[in-house]
Each structure stands twice: as C-alpha cells, then as structure tokens.
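Asker: Handing you a structure now.
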Amino acid sequence: MTRKQRRGILIGTCLVVLAVAVGLVLVALRDSIVFFYSPSEVATMQIAPGQRFRLGGLVETGSVVRGEGTTIRFVVTDKAKTLPVTYTGVLPDLFREGQGVVAEGMLAADGTFQADNVLAKHDEKYMPPEVAKKLKEQGLWRGDAQAGTPDAPGKVN
C-alpha cells in the first residue's frame, strides 16, 4: 500500500468517526435543542416531574399572586392550555400580566412548574419570536401590528 492510499484511508476513517460522534451528540440533545415548551406541549409530552426544561408563553391576566416573602405564583398560557408556576426570587422589572415570559425550572409532583429563573420580554411592544411563532402555529396570533415583532415592516422597536 502506498503512502497516498494510507493517507486516504486515515482521512476516510477520521471522517467516519467524526460523523458518528456528531450523530451521537445530536441524538443525545434532540429534546434539549428546543428553546422552550409551551403549556400545550408540556401536557402532550407528559414530562416527568423533576426533569428540567424551559416553559414559555404568556402570563395569564389576573393570575399573579404574591405570597410570603419573594414567592410569586402565576399562570403561563398559550391560549389553549395553562400551567401554574411558582417562583421564589425577584422578578424582572418588565414582568407583567399578558406579556411573554420564559421560565426555567422543573415540574413538581403536583403538576406545578417550579421556576428557578424567569425571563421577561424586553419592552412593552416586544414579544419573543419563539412565543409569537408558537401562537401563529396555533392560530392564536393577533398580528404583527399589535405585538410589535421586529420582523414587522416599518415598525420601530
């Protein structure tokens, strides 16, 4: 076997090993690649209690209840399903009812989402693109003019 043939076999073997490694990583991360799940997806997927994920949707109007200390309870909705959330900590200044939110945490045994981090929208006209996309997919989108998404032509954010 010549040096050129050995080099070709080595390069081919390296490419096969790299492809297998990339494939294994993608299979391992297939459920974690999603930025967040909506309440409807959480109900459909039947996520086990204790499994960490991100929950995204709108804070249901009239659902925010402040408990003792810094404990806050609210409901996240995608207009089809709702999921109660409990969070202990300081909420972002821009957190409001009826606005987009993404919460990181896990489901408790009673079906309540226990958040350890809450992310809110960035101004009064903005809705996270992922939330807007989910609402569009479900036919619940009110339109770019009302939500003020960055992709609306002529909109100033």
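Chain labels run A, B, ... following the order of the structure tokens; each chain numbers its residues from 1, and ligands are numbered from 1 in the order shown.
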Check segment 33-73 of chain A with DSSP on the backbone and list each residue it calls alpha helix (DSSP H), as number ranges by chain.
Answerer: A: 39-45
Asker: With only C-alpha atoms as the counted atoms, please give the residues lying no more than 6 Å from Glu104 of chain A, apart from itself and same-chain residues fewer than 6 positions off, as a ChimeraX atom specification.
Answerer: /A:54,115-117
Asker: Hey, which of A:Lys81, A:Arg3, A:Arg96, A:Lys133 ends up closest to Thr61 of chain A? Count only C-alpha atoms.
Answerer: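 Comparing A:Lys81, A:Arg3, A:Arg96, A:Lys133 against Thr61 of chain A, the winner is A:Arg96.
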Asker: Tell me which protein, DNA and RNA residues are within 9 Å of Leu58 of chain A, counting only C-alpha atoms, leaving out same-chain ones fewer than 2 positions away, and put them as a PDB file with N, CA and C atoms, in the first residue's frame.
Answerer:
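Saved as out-v1.pdb:
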ATOM      1  N   GLY A  56     -42.467  28.400  28.130  1.00  0.00           N
ATOM      2  CA  GLY A  56     -42.692  29.715  27.539  1.00  0.00           C
ATOM      3  C   GLY A  56     -44.144  29.926  27.192  1.00  0.00           C
ATOM      4  N   GLU A  60     -50.888  34.777  32.235  1.00  0.00           N
ATOM      5  CA  GLU A  60     -52.341  34.940  32.186  1.00  0.00           C
ATOM      6  C   GLU A  60     -52.769  36.149  33.024  1.00  0.00           C
ATOM      7  N   THR A  61     -53.638  36.971  32.448  1.00  0.00           N
ATOM      8  CA  THR A  61     -54.124  38.164  33.121  1.00  0.00           C
ATOM      9  C   THR A  61     -54.893  37.781  34.379  1.00  0.00           C
ATOM     10  N   VAL A  75     -49.760  32.053  36.307  1.00  0.00           N
ATOM     11  CA  VAL A  75     -50.124  31.014  35.348  1.00  0.00           C
ATOM     12  C   VAL A  75     -49.584  31.410  33.982  1.00  0.00           C
ATOM     13  N   VAL A  76     -48.936  30.459  33.302  1.00  0.00           N
ATOM     14  CA  VAL A  76     -48.447  30.667  31.943  1.00  0.00           C
ATOM     15  C   VAL A  76     -49.421  29.960  30.998  1.00  0.00           C
ATOM     16  N   THR A  77     -49.802  30.660  29.936  1.00  0.00           N
ATOM     17  CA  THR A  77     -50.755  30.111  28.981  1.00  0.00           C
ATOM     18  C   THR A  77     -50.265  30.283  27.551  1.00  0.00           C
ATOM     19  N   ASP A  78     -50.743  29.436  26.688  1.00  0.00           N
ATOM     20  CA  ASP A  78     -50.544  29.618  25.253  1.00  0.00           C
ATOM     21  C   ASP A  78     -51.906  29.782  24.579  1.00  0.00           C
ATOM     22  N   LYS A  79     -52.904  30.142  25.359  1.00  0.00           N
ATOM     23  CA  LYS A  79     -54.303  30.352  24.965  1.00  0.00           C
ATOM     24  C   LYS A  79     -55.048  29.050  24.722  1.00  0.00           C
ATOM     25  N   GLU A  97     -48.517  40.919  33.594  1.00  0.00           N
ATOM     26  CA  GLU A  97     -49.584  40.043  33.123  1.00  0.00           C
ATOM     27  C   GLU A  97     -49.854  40.333  31.644  1.00  0.00           C
ATOM     28  N   GLY A  98     -50.165  39.284  30.886  1.00  0.00           N
ATOM     29  CA  GLY A  98     -50.470  39.430  29.478  1.00  0.00           C
ATOM     30  C   GLY A  98     -49.251  39.541  28.578  1.00  0.00           C
ATOM     31  N   GLN A  99     -48.059  39.438  29.131  1.00  0.00           N
ATOM     32  CA  GLN A  99     -46.831  39.588  28.359  1.00  0.00           C
ATOM     33  C   GLN A  99     -46.105  38.246  28.250  1.00  0.00           C
ATOM     34  N   GLY A 100     -45.191  38.168  27.284  1.00  0.00           N
ATOM     35  CA  GLY A 100     -44.414  36.953  27.070  1.00  0.00           C
ATOM     36  C   GLY A 100     -43.420  36.711  28.185  1.00  0.00           C
ATOM     37  N   VAL A 101     -43.215  35.431  28.516  1.00  0.00           N
ATOM     38  CA  VAL A 101     -42.298  35.053  29.579  1.00  0.00           C
ATOM     39  C   VAL A 101     -41.719  33.674  29.257  1.00  0.00           C
ATOM     40  N   VAL A 102     -40.483  33.457  29.683  1.00  0.00           N
ATOM     41  CA  VAL A 102     -39.854  32.144  29.619  1.00  0.00           C
ATOM     42  C   VAL A 102     -39.328  31.851  31.017  1.00  0.00           C
ATOM     43  N   VAL A 131     -42.270  32.785  21.117  1.00  0.00           N
ATOM     44  CA  VAL A 131     -43.647  32.817  21.594  1.00  0.00           C
ATOM     45  C   VAL A 131     -44.577  33.198  20.448  1.00  0.00           C
TER      46      VAL A 131
END
Asker: Pull the strand (DSSP E or B) assignments for segment 3-142 of chain A out of DSSP run on the backbone, and list those residues as a count of residues only.
Answerer: 41
Asker: Would you mind reading off the distance between atom CA of Phe95 of chain A and atom CA of Leu135 of chain A, one decimal, in Å?
Answerer: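 Value for the atom CA of Phe95 of chain A-atom CA of Leu135 of chain A distance: 19.2 Å.
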